[in-house]
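Listing of final-v8.tsv; format and content: TSV, C-alpha atoms and all ligand atoms.
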```
chain	number	residue	atom	x	y	z
A	10	SER	CA	31.31	10.31	-29.69
A	11	THR	CA	32.98	12.20	-26.88
A	12	THR	CA	29.87	14.29	-26.21
A	13	ARG	CA	27.90	11.11	-25.78
A	14	ASN	CA	30.47	9.69	-23.36
A	15	GLN	CA	30.55	12.94	-21.42
A	16	LEU	CA	26.78	12.88	-21.24
A	17	ILE	CA	26.78	9.32	-19.92
A	18	GLU	CA	29.39	10.29	-17.37
A	19	LEU	CA	27.37	13.30	-16.20
A	20	LEU	CA	24.29	11.14	-15.83
A	21	GLU	CA	26.28	8.46	-14.08
A	22	ASN	CA	27.67	10.92	-11.56
A	23	ASN	CA	24.18	12.23	-10.83
A	24	GLN	CA	22.35	8.98	-10.25
A	25	GLN	CA	20.70	10.11	-7.03
A	26	GLU	CA	19.29	13.37	-8.36
A	27	TYR	CA	17.99	14.85	-11.57
A	28	ILE	CA	20.26	16.90	-13.72
A	29	SER	CA	18.52	19.67	-15.61
A	30	GLY	CA	18.51	20.02	-19.37
A	31	GLN	CA	19.93	23.49	-18.90
A	32	GLN	CA	22.90	22.17	-16.92
A	33	LEU	CA	23.57	19.50	-19.52
A	34	CYS	CA	23.56	22.11	-22.30
A	35	GLU	CA	26.07	24.21	-20.45
A	36	ARG	CA	28.35	21.40	-19.40
A	37	LEU	CA	28.41	19.80	-22.84
A	38	ASN	CA	28.21	23.02	-24.76
A	39	ILE	CA	25.37	21.79	-26.97
A	40	SER	CA	21.76	22.84	-27.61
A	41	ARG	CA	18.64	21.56	-25.87
A	42	THR	CA	17.62	19.76	-29.03
A	43	ALA	CA	21.01	18.07	-29.20
A	44	VAL	CA	20.69	16.89	-25.59
A	45	TRP	CA	17.26	15.49	-26.36
A	46	LYS	CA	18.56	13.69	-29.48
A	47	HIS	CA	21.39	12.11	-27.49
A	48	MET	CA	18.90	10.89	-24.90
A	49	LYS	CA	16.84	9.21	-27.61
A	50	GLU	CA	19.94	7.50	-28.95
A	51	LEU	CA	20.90	6.25	-25.49
A	52	GLU	CA	17.43	4.81	-25.01
A	53	LYS	CA	17.75	2.96	-28.29
A	54	ASP	CA	20.95	1.43	-26.96
A	55	GLY	CA	19.23	0.13	-23.86
A	56	TYR	CA	19.90	2.88	-21.36
A	57	ARG	CA	16.83	3.76	-19.33
A	58	ILE	CA	16.55	7.43	-18.58
A	59	VAL	CA	13.70	9.17	-16.81
A	60	ALA	CA	12.89	12.70	-17.84
A	61	VAL	CA	10.79	14.81	-15.50
A	62	PRO	CA	9.62	18.27	-16.62
A	63	LYS	CA	11.28	21.10	-14.69
A	64	ARG	CA	13.67	18.72	-12.90
A	65	GLY	CA	15.60	17.11	-15.68
A	66	TYR	CA	17.09	13.74	-16.46
A	67	ARG	CA	18.19	10.75	-14.41
A	68	ILE	CA	19.62	7.45	-15.56
A	69	ILE	CA	18.10	4.36	-13.97
A	70	GLU	CA	19.52	1.48	-15.95
A	71	PHE	CA	22.51	0.69	-18.09
A	72	PRO	CA	22.20	-1.82	-20.95
A	73	ASP	CA	23.86	-5.23	-20.75
A	74	LYS	CA	26.07	-4.24	-23.65
A	75	LEU	CA	29.69	-4.22	-22.65
A	76	SER	CA	31.40	-0.85	-22.60
A	77	LYS	CA	33.60	1.15	-20.28
A	78	ASN	CA	30.49	2.98	-19.06
A	79	THR	CA	28.25	-0.01	-18.45
A	80	LEU	CA	31.01	-1.91	-16.67
A	81	GLN	CA	31.96	0.99	-14.45
A	82	TRP	CA	28.38	1.91	-13.61
A	83	GLY	CA	28.00	1.22	-9.89
A	84	LEU	CA	31.30	-0.68	-9.77
A	85	GLN	CA	32.61	-0.78	-6.20
A	86	THR	CA	36.31	-1.34	-6.81
A	87	SER	CA	39.16	1.05	-6.19
A	88	TRP	CA	41.75	0.03	-8.79
A	89	LEU	CA	40.50	-2.95	-10.77
A	90	GLY	CA	38.53	-1.89	-13.82
A	91	ARG	CA	39.19	1.80	-13.31
A	92	ASN	CA	40.80	1.66	-16.72
A	93	ILE	CA	38.79	-0.39	-19.22
A	94	VAL	CA	39.42	-0.83	-22.92
A	95	HIS	CA	36.52	-2.41	-24.77
A	96	TYR	CA	36.46	-3.78	-28.32
A	97	PRO	CA	33.41	-5.03	-30.22
A	98	GLU	CA	35.82	-7.38	-32.01
A	99	ILE	CA	39.52	-8.07	-31.53
A	100	SER	CA	42.00	-10.82	-32.36
A	101	SER	CA	42.78	-11.56	-28.71
A	102	THR	CA	42.50	-9.44	-25.58
A	103	GLN	CA	45.80	-11.05	-24.49
A	104	LYS	CA	47.58	-9.49	-27.43
A	105	ILE	CA	46.31	-6.01	-26.56
A	106	GLY	CA	47.10	-6.70	-22.91
A	107	HIS	CA	50.76	-7.26	-23.70
A	108	GLN	CA	50.92	-4.13	-25.84
A	109	LEU	CA	49.33	-1.94	-23.19
A	110	ALA	CA	51.40	-3.46	-20.39
A	111	LEU	CA	54.60	-2.74	-22.31
A	112	GLU	CA	53.41	0.84	-22.80
A	113	GLY	CA	53.08	1.11	-19.04
A	114	ALA	CA	49.34	0.54	-18.45
A	115	ALA	CA	48.45	0.56	-14.77
A	116	GLU	CA	47.75	-2.50	-12.69
A	117	GLY	CA	44.06	-3.34	-12.91
A	118	THR	CA	43.67	-2.27	-16.54
A	119	VAL	CA	41.05	-4.46	-18.21
A	120	ILE	CA	40.83	-5.32	-21.89
A	121	ILE	CA	37.50	-6.84	-22.85
A	122	ALA	CA	35.87	-7.81	-26.14
A	123	ASP	CA	32.42	-8.87	-27.34
A	124	GLN	CA	34.13	-11.26	-29.69
A	125	GLN	CA	37.63	-12.61	-30.33
A	126	THR	CA	38.72	-13.89	-33.70
A	127	GLU	CA	41.92	-15.50	-32.43
A	128	GLY	CA	41.15	-16.34	-28.81
A	129	LYS	CA	44.08	-18.19	-27.24
A	130	GLY	CA	44.23	-21.12	-24.86
A	131	ARG	CA	47.39	-22.55	-23.34
A	132	MET	CA	50.21	-23.98	-25.43
A	133	GLY	CA	48.98	-22.53	-28.69
A	134	ARG	CA	45.50	-23.95	-28.36
A	135	LYS	CA	42.44	-22.05	-29.54
A	136	TRP	CA	39.73	-20.53	-27.39
A	137	HIS	CA	36.34	-20.10	-29.04
A	138	SER	CA	34.96	-16.69	-28.17
A	139	ALA	CA	31.57	-16.24	-29.77
A	140	LYS	CA	30.02	-12.82	-30.09
A	141	ASN	CA	28.24	-11.48	-26.99
A	142	GLU	CA	27.84	-14.93	-25.48
A	143	GLY	CA	30.66	-14.99	-23.04
A	144	ILE	CA	33.18	-12.98	-21.09
A	145	TRP	CA	36.47	-12.56	-22.91
A	146	MET	CA	38.83	-10.36	-20.98
A	147	SER	CA	42.39	-9.80	-19.83
A	148	ILE	CA	43.59	-8.05	-16.70
A	149	ILE	CA	47.00	-6.42	-16.37
A	150	LEU	CA	48.70	-7.16	-13.05
A	151	ARG	CA	52.00	-6.01	-11.63
A	152	PRO	CA	52.46	-8.08	-8.47
A	153	GLN	CA	55.68	-7.71	-6.53
A	154	ILE	CA	56.27	-11.40	-6.08
A	155	ILE	CA	58.86	-13.79	-7.46
A	156	PRO	CA	57.97	-15.28	-10.85
A	157	GLN	CA	57.86	-18.79	-9.34
A	158	LEU	CA	54.70	-17.80	-7.47
A	159	ALA	CA	52.78	-16.74	-10.58
A	160	PRO	CA	50.93	-20.09	-10.84
A	161	GLN	CA	49.31	-19.23	-7.51
A	162	ILE	CA	47.62	-16.31	-9.27
A	163	THR	CA	46.05	-18.76	-11.71
A	164	LEU	CA	44.75	-20.85	-8.81
A	165	MET	CA	43.48	-17.75	-7.03
A	166	THR	CA	41.68	-16.64	-10.18
A	167	ALA	CA	40.01	-20.03	-10.45
A	168	VAL	CA	38.63	-19.61	-6.93
A	169	ILE	CA	37.39	-16.12	-7.78
A	170	LEU	CA	35.64	-17.30	-10.94
A	171	ALA	CA	34.05	-20.26	-9.19
A	172	LYS	CA	32.79	-18.04	-6.37
A	173	ALA	CA	31.52	-15.30	-8.65
A	174	ILE	CA	29.72	-17.76	-10.93
A	175	GLU	CA	28.20	-19.48	-7.92
A	176	THR	CA	27.11	-16.19	-6.34
A	177	VAL	CA	25.55	-14.64	-9.41
A	178	THR	CA	24.09	-17.64	-11.23
A	179	GLU	CA	23.57	-20.27	-8.52
A	180	VAL	CA	25.12	-23.10	-10.53
A	181	SER	CA	27.78	-25.19	-8.76
A	182	PRO	CA	31.16	-24.82	-10.39
A	183	ALA	CA	34.21	-26.94	-9.70
A	184	ILE	CA	37.85	-26.10	-10.30
A	185	LYS	CA	39.76	-28.54	-12.40
A	186	TRP	CA	43.47	-28.22	-11.72
A	187	PRO	CA	45.12	-26.05	-12.72
A	188	ASN	CA	43.09	-23.59	-14.75
A	189	ASP	CA	39.60	-24.74	-15.73
A	190	ILE	CA	36.17	-24.15	-14.31
A	191	PHE	CA	33.84	-27.07	-14.77
A	192	ILE	CA	30.09	-27.32	-14.38
A	193	ASN	CA	28.62	-30.81	-14.41
A	194	ASN	CA	31.85	-32.31	-15.74
A	195	ARG	CA	32.25	-29.95	-18.64
A	196	LYS	CA	34.46	-26.94	-19.20
A	197	THR	CA	32.77	-23.58	-18.73
A	198	ALA	CA	35.71	-21.27	-18.22
A	199	GLY	CA	39.46	-21.14	-18.70
A	200	ILE	CA	42.32	-19.04	-17.40
A	201	LEU	CA	45.47	-18.10	-19.28
A	202	THR	CA	48.26	-16.53	-17.23
A	203	GLU	CA	51.00	-14.97	-19.33
A	204	MET	CA	53.93	-13.32	-17.65
A	205	GLN	CA	56.82	-11.07	-18.54
A	206	ALA	CA	59.58	-11.54	-15.97
A	207	GLU	CA	63.21	-11.03	-15.18
A	208	GLN	CA	65.17	-13.40	-12.90
A	209	ASP	CA	63.43	-12.59	-9.67
A	210	GLU	CA	60.95	-9.93	-10.64
A	211	ILE	CA	57.66	-9.93	-12.52
A	212	GLN	CA	57.34	-7.02	-14.92
A	213	TYR	CA	53.72	-7.72	-15.61
A	214	ILE	CA	51.13	-10.46	-15.96
A	215	VAL	CA	48.37	-10.52	-18.54
A	216	LEU	CA	45.69	-12.64	-16.96
A	217	GLY	CA	43.22	-13.97	-19.52
A	218	ILE	CA	39.76	-15.07	-18.49
A	219	GLY	CA	37.26	-16.75	-20.78
A	220	ILE	CA	33.79	-17.74	-19.56
A	221	ASN	CA	31.04	-19.36	-21.61
A	222	VAL	CA	27.87	-17.68	-20.43
A	223	ASN	CA	24.98	-17.70	-22.89
A	224	GLN	CA	25.87	-20.16	-25.63
A	225	SER	CA	23.20	-22.68	-26.41
A	226	ARG	CA	24.45	-26.15	-27.23
A	227	ASP	CA	24.43	-25.58	-30.96
A	228	ASN	CA	26.39	-22.39	-30.57
A	229	LEU	CA	29.44	-24.20	-29.25
A	230	PRO	CA	31.63	-25.50	-32.06
A	231	GLU	CA	31.03	-29.17	-32.79
A	232	ASP	CA	34.54	-30.27	-31.89
A	233	ILE	CA	34.11	-29.16	-28.29
A	234	GLN	CA	30.41	-29.83	-27.69
A	235	LYS	CA	31.24	-32.96	-25.72
A	236	ILE	CA	33.76	-31.31	-23.42
A	237	ALA	CA	32.40	-27.77	-23.16
A	238	THR	CA	29.32	-26.15	-21.73
A	239	SER	CA	27.99	-22.72	-20.80
A	240	ILE	CA	26.31	-21.33	-17.71
A	241	LYS	CA	23.09	-21.04	-19.70
A	242	GLN	CA	23.17	-24.69	-20.70
A	243	GLU	CA	23.63	-25.79	-17.12
A	244	SER	CA	21.14	-23.39	-15.53
A	245	GLY	CA	18.55	-23.21	-18.28
A	246	LYS	CA	18.67	-19.43	-18.14
A	247	GLN	CA	20.20	-16.50	-19.95
A	248	TRP	CA	22.51	-14.34	-17.77
A	249	ARG	CA	23.52	-10.72	-17.94
A	250	LEU	CA	27.23	-10.32	-18.45
A	251	VAL	CA	27.75	-7.00	-16.67
A	252	PRO	CA	26.74	-8.07	-13.14
A	253	LEU	CA	28.85	-11.21	-13.42
A	254	ILE	CA	31.90	-9.26	-14.56
A	255	GLN	CA	31.43	-6.73	-11.77
A	256	GLU	CA	31.21	-9.52	-9.21
A	257	ILE	CA	34.47	-10.94	-10.56
A	258	PHE	CA	36.12	-7.53	-10.27
A	259	ILE	CA	34.98	-7.06	-6.67
A	260	GLN	CA	36.10	-10.50	-5.56
A	261	PHE	CA	39.32	-10.26	-7.50
A	262	GLU	CA	40.36	-7.00	-5.91
A	263	GLN	CA	39.76	-8.38	-2.43
A	264	LYS	CA	41.45	-11.72	-2.95
A	265	TYR	CA	44.43	-10.30	-4.79
A	266	GLU	CA	45.14	-7.78	-2.05
A	267	THR	CA	44.90	-10.46	0.62
A	268	PHE	CA	47.13	-12.72	-1.46
A	269	LEU	CA	49.83	-10.05	-1.76
A	270	GLN	CA	49.71	-9.40	1.99
A	271	LYS	CA	49.26	-12.86	3.39
A	272	GLY	CA	50.21	-15.31	0.69
A	273	PHE	CA	48.47	-18.38	-0.57
A	274	THR	CA	47.19	-20.07	2.63
A	275	ASP	CA	43.55	-18.89	2.63
A	276	ILE	CA	43.24	-19.48	-1.09
A	277	LYS	CA	44.44	-23.07	-0.79
A	278	GLU	CA	41.57	-23.91	1.53
A	279	GLU	CA	38.93	-22.29	-0.63
A	280	TRP	CA	40.38	-23.92	-3.72
A	281	GLU	CA	40.04	-27.34	-2.14
A	282	MET	CA	36.36	-26.73	-1.42
A	283	TYR	CA	35.78	-26.28	-5.15
A	284	GLY	CA	38.36	-28.83	-6.29
A	285	TYR	CA	37.19	-31.16	-9.05
A	286	LYS	CA	37.51	-34.88	-8.20
A	287	ILE	CA	39.24	-34.28	-4.89
A	288	GLY	CA	39.33	-37.64	-3.09
A	289	GLU	CA	38.84	-39.52	-6.35
A	290	GLN	CA	41.13	-41.67	-8.45
A	291	VAL	CA	42.66	-40.21	-11.59
A	292	ARG	CA	45.64	-41.10	-13.75
A	293	ILE	CA	48.78	-39.00	-13.80
A	294	SER	CA	50.85	-38.85	-16.93
A	295	SER	CA	54.39	-37.50	-16.70
A	296	ASN	CA	57.60	-38.36	-18.54
A	297	LYS	CA	55.85	-41.01	-20.60
A	298	LEU	CA	54.83	-42.76	-17.43
A	299	THR	CA	51.19	-43.19	-16.51
A	300	TYR	CA	50.08	-44.22	-13.04
A	301	PRO	CA	46.89	-44.14	-10.97
A	302	ALA	CA	46.66	-41.82	-7.99
A	303	LYS	CA	44.14	-40.25	-5.66
A	304	LEU	CA	43.70	-36.46	-5.66
A	305	ILE	CA	44.28	-35.17	-2.13
A	306	GLY	CA	44.25	-31.40	-2.59
A	307	LEU	CA	46.85	-28.66	-2.89
A	308	GLU	CA	50.24	-28.28	-1.28
A	309	THR	CA	50.84	-24.99	0.55
A	310	ASP	CA	52.60	-23.67	-2.55
A	311	GLY	CA	49.79	-24.60	-4.96
A	312	ALA	CA	51.18	-27.85	-6.34
A	313	LEU	CA	48.65	-30.64	-6.75
A	314	LYS	CA	48.95	-33.23	-4.00
A	315	VAL	CA	48.23	-36.82	-4.99
A	316	GLN	CA	48.58	-40.16	-3.28
A	317	LYS	CA	49.99	-43.07	-5.20
A	318	GLN	CA	48.85	-46.65	-4.74
A	319	ASP	CA	51.79	-47.50	-2.47
A	320	GLY	CA	50.50	-44.82	-0.11
A	321	SER	CA	53.23	-42.27	-0.78
A	322	THR	CA	52.26	-38.73	-1.69
A	323	GLU	CA	53.60	-36.63	-4.50
A	324	SER	CA	53.49	-32.95	-5.50
A	325	ILE	CA	52.54	-32.36	-9.09
A	326	TYR	CA	53.61	-29.15	-10.77
A	327	SER	CA	53.12	-29.76	-14.44
A	328	ALA	CA	52.13	-33.32	-15.27
A	329	GLU	CA	49.03	-34.06	-17.31
A	330	ILE	CA	46.08	-35.44	-15.41
A	331	LEU	CA	43.92	-38.00	-17.19
A	332	TRP	CA	40.58	-37.27	-15.56
B	1	LIG	P1	43.25	-24.36	-22.40
B	1	LIG	O1	44.46	-24.56	-23.23
B	1	LIG	O2	43.18	-24.95	-21.05
B	1	LIG	O3	41.95	-24.80	-23.17
B	1	LIG	C1	41.87	-24.77	-24.57
B	1	LIG	C2	41.07	-25.97	-25.02
B	1	LIG	O4	39.74	-25.90	-24.52
B	1	LIG	C3	40.93	-26.06	-26.52
B	1	LIG	O5	41.94	-26.82	-27.08
B	1	LIG	C4	39.54	-26.71	-26.71
B	1	LIG	O6	39.64	-28.11	-26.59
B	1	LIG	C5	38.78	-26.22	-25.51
B	1	LIG	N1	38.01	-25.01	-25.79
B	1	LIG	C6	38.21	-24.06	-26.73
B	1	LIG	N2	37.31	-23.08	-26.64
B	1	LIG	C7	36.51	-23.40	-25.61
B	1	LIG	C8	35.38	-22.77	-25.01
B	1	LIG	N3	34.88	-21.60	-25.42
B	1	LIG	N4	34.80	-23.41	-23.95
B	1	LIG	C9	35.28	-24.58	-23.49
B	1	LIG	N5	36.32	-25.22	-24.01
B	1	LIG	C10	36.94	-24.63	-25.07
B	1	LIG	C11	42.17	-22.21	-21.43
B	1	LIG	O7	43.11	-22.78	-22.27
B	1	LIG	C12	42.44	-20.71	-21.31
B	1	LIG	C13	41.45	-19.91	-22.11
B	1	LIG	C14	41.63	-18.42	-21.90
B	1	LIG	C15	40.73	-17.64	-22.81
B	1	LIG	C16	40.79	-16.17	-22.53
B	1	LIG	S1	39.52	-15.29	-23.30
B	1	LIG	C17	40.26	-13.78	-22.95
B	1	LIG	C18	41.75	-13.99	-23.13
B	1	LIG	N6	42.14	-13.72	-24.50
B	1	LIG	C19	42.57	-14.83	-25.10
B	1	LIG	O8	42.95	-14.88	-26.28
B	1	LIG	N7	42.54	-15.86	-24.24
B	1	LIG	C20	42.07	-15.46	-22.94
```
Would you put the structure from the file into structure tokens?
Amino acid sequence: STTRNQLIELLENNQQEYISGQQLCERLNISRTAVWKHMKELEKDGYRIVAVPKRGYRIIEFPDKLSKNTLQWGLQTSWLGRNIVHYPEISSTQKIGHQLALEGAAEGTVIIADQQTEGKGRMGRKWHSAKNEGIWMSIILRPQIIPQLAPQITLMTAVILAKAIETVTEVSPAIKWPNDIFINNRKTAGILTEMQAEQDEIQYIVLGIGINVNQSRDNLPEDIQKIATSIKQESGKQWRLVPLIQEIFIQFEQKYETFLQKGFTDIKEEWEMYGYKIGEQVRISSNKLTYPAKLIGLETDGALKVQKQDGSTESIYSAEILW
């Protein structure tokens, strides 16, 4: 209800001090009993609120449930995640992202769901998005760059996800070119960059991020158990979603701003530190031709740099890598 949201907001804005029952009644235009009932409901939902006689109420913990309030609680960003739309269940956050972007939603708008029924991967593939066990979200971006540079945003996002996962959960992620995050050789996260563009201008990007966090092995569909994993499987621990999402937001805002000002250079170096199988032999498959090559790193524009057996190097933009 709106009263409930207003109450949460009042408590959120008064974290450092107590806010009296009297004040709450006046601000929300409800009775003392109603305030008290709302507090009980919030506690049931995992909020922790201290009530001190004569001083009032103070919120000390938000639940790990995803919502606009829990995600914005303590969030230190200026534009990313200032507008959050949360769904308990949705077909795909990408779909909503496109709708909202077309309606003019601001850069940094986040669409996030506990569960997706039609989660999308690239090229019409499916993305399994089990309830409450991962991060399924889309971010609306409006970068003033030429459309040809959009793939760099995917690479940048991979660096951000790898760093955030490493910081919060202490597992060691690797980035598999171009858009996957791997832990111990299995896929933990994926990125889907969808763009609406004119010749030399991007209208908007809907950047989809999917991260497997708390699935146990049996909770991943059988057809992907061999190739997929979750942070929980690799760390042996359950992780709270909210702090991880907030870390992603913080790092994203920083990196994205630097990227718009300075370009791709810094990101290239960081990417290479996380690069999966850098220095190793893989097979490249393009135009029905398959050949062995060594992964060298990235070109300055984000293409994958490989070295063929005759010693010559090549820039790969879209070939399939047989890992
Ligand atoms: P992708 O095309 O690189 O990967 C899709 C492939 O990954 C599938 O064909 C399947 O083999 C495998 N796969 C499917 N689900 C999972 C999973 N949960 N974990 C690991 N592997 C899986 C990657 O596409 C881009 C994924 C983006 C997902 C986000 S979630 C929020 C947003 N909304 C939406 O519909 N998609 C994005």
Selection within 8 Å of ligand LIG 1 (chain B) by all atoms listed in the file, output as a PyMOL selection string: chain A and resi 100-104+121+125+127-139+144-147+188-189+195-201+216-221+229+232-233+236-239
Surrounding residues of A:Ile58 excluding itself and chain neighbours under 2 positions, 10 Å, all atoms listed in the file, as a list in words: Leu20, Met48, Lys49, Leu51, Glu52, Gly55, Tyr56, Ala60, Val61, Tyr66, Arg67, Ile68, Ile69, Glu70 and Phe71 of chain A
Can you spit out the residues from that selection as an mmCIF file, in the coordinates of the input, using C-alpha atoms?
```
data_model
loop_
_atom_site.group_PDB
_atom_site.id
_atom_site.type_symbol
_atom_site.label_atom_id
_atom_site.label_comp_id
_atom_site.auth_asym_id
_atom_site.auth_seq_id
_atom_site.Cartn_x
_atom_site.Cartn_y
_atom_site.Cartn_z
ATOM 1 C CA LEU A 20 24.290 11.140 -15.830
ATOM 2 C CA MET A 48 18.900 10.890 -24.900
ATOM 3 C CA LYS A 49 16.840 9.210 -27.610
ATOM 4 C CA LEU A 51 20.900 6.250 -25.490
ATOM 5 C CA GLU A 52 17.430 4.810 -25.010
ATOM 6 C CA GLY A 55 19.230 0.130 -23.860
ATOM 7 C CA TYR A 56 19.900 2.880 -21.360
ATOM 8 C CA ALA A 60 12.890 12.700 -17.840
ATOM 9 C CA VAL A 61 10.790 14.810 -15.500
ATOM 10 C CA TYR A 66 17.090 13.740 -16.460
ATOM 11 C CA ARG A 67 18.190 10.750 -14.410
ATOM 12 C CA ILE A 68 19.620 7.450 -15.560
ATOM 13 C CA ILE A 69 18.100 4.360 -13.970
ATOM 14 C CA GLU A 70 19.520 1.480 -15.950
ATOM 15 C CA PHE A 71 22.510 0.690 -18.090
#
```
With all atoms listed in the file as the basis for distance, which of A:Leu75, A:Thr118, A:Glu289, A:Trp280 is at the shortest distance from A:Leu253?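 Of the candidates, the smallest distance to A:Leu253 is held by A:Leu75.
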Mind listing whatever residues come within 12 Å of the point (60.5, -5.3, -13.7)? Use only C-alpha atoms, file coordinates, and give them as a list in words.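 Using only C-alpha atoms, the matching residues come out as Ala110, Leu111, Gly113, Leu150, Arg151, Pro152, Gln153, Ile154, Ile155, Pro156, Met204, Gln205, Ala206, Glu207, Gln208, Asp209, Glu210, Ile211, Gln212, Tyr213 and Ile214 of chain A.
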Which residue gives the smallest distance to A:Leu170 among A:Phe261, A:Phe273, A:Tyr285, A:Trp248, with all atoms listed in the file counted? A:Phe261
Between A:Ile305, A:Ser294, A:Trp82, A:Ile120, which has the minimum distance to A:Asn23 (counting all atoms listed in the file)? A:Trp82
Neighbour list for stretch 224-226 of chain A as a PyMOL selection string, cut-off 9 Å, only C-alpha atoms, skip fewer than 4 positions in-chain: chain A and resi 139+142-143+230+234+238-242+247
Can you work out the spacing between atom CA of A:Ile259 and atom CA of A:Lys140 in Å, to one decimal?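 Atom CA of A:Lys140 lies 24.6 Å from atom CA of A:Ile259.
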Measure the distance from atom CA of A:Gln15 to atom CA of A:Ile99 in Å and round it to one decimal.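 Computed distance, atom CA of A:Gln15 to atom CA of A:Ile99, equals 25.0 Å.
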Could you check how far atom CA of A:Asn22 sits from atom CA of A:Asn38, in Å to one decimal?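 Calculated distance between atom CA of A:Asn22 and atom CA of A:Asn38 is 17.9 Å.
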A:Ser87: which residues within 12 Å, counting only C-alpha atoms, same-chain residues fewer than 2 positions away excluded, as a list in words?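 Those residues are Gln81, Gly83, Leu84, Gln85, Leu89, Gly90, Arg91, Asn92, Glu116, Gly117, Thr118, Phe258, Ile259, Gln260, Phe261, Glu262, Gln263 and Glu266 of chain A.
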Selection: 10 Å around A:Pro187, only C-alpha atoms, excl. self and same-chain fewer than 4 positions, as a list in words: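 Final neighbour list, sorted by chain and number: Pro160, Gln161, Thr163, Leu164, Ala167, Gly199, Ile200, Gly284, Gly311, Ala312, Leu313, Tyr326, Ser327 and Ile330 of chain A.
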For A:Thr79, the nearest of the candidates A:Glu329, A:Asp54, A:Glu98, A:Glu179, counting only C-alpha atoms: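 Using only C-alpha atoms, A:Thr79 sits closest to A:Asp54.
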Non-local contacts of A:Gln290 (8 Å; only C-alpha atoms; under 5 positions in same chain excluded) as a list in words: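 Everything that qualifies: Pro301, Ala302, Lys303 and Leu304 of chain A.
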Need the neighbours of (37.0, -3.2, -24.1): which residues are at most 6 Å away, counting all atoms listed in the file, as a ChimeraX atom specification? /A:93-96,120-122
Out of A:Lys286, A:His47, A:Arg57, A:Arg249, which residue has the shortest atom-to-atom distance to A:Val177 when counting all atoms listed in the file?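 Closest to A:Val177 of all the choices is A:Arg249.
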To test the calculation: enclose all listed atoms of stretch 51-69 of chain A in a box whose edges run along x, y and z, add 8 Å on each side, then state centre and edge lengths in Å to one decimal, as lines of an AutoDock Vina configuration file.
```
center_x = 15.3
center_y = 10.6
center_z = -20.6
size_x = 27.3
size_y = 37.0
size_z = 31.4
```
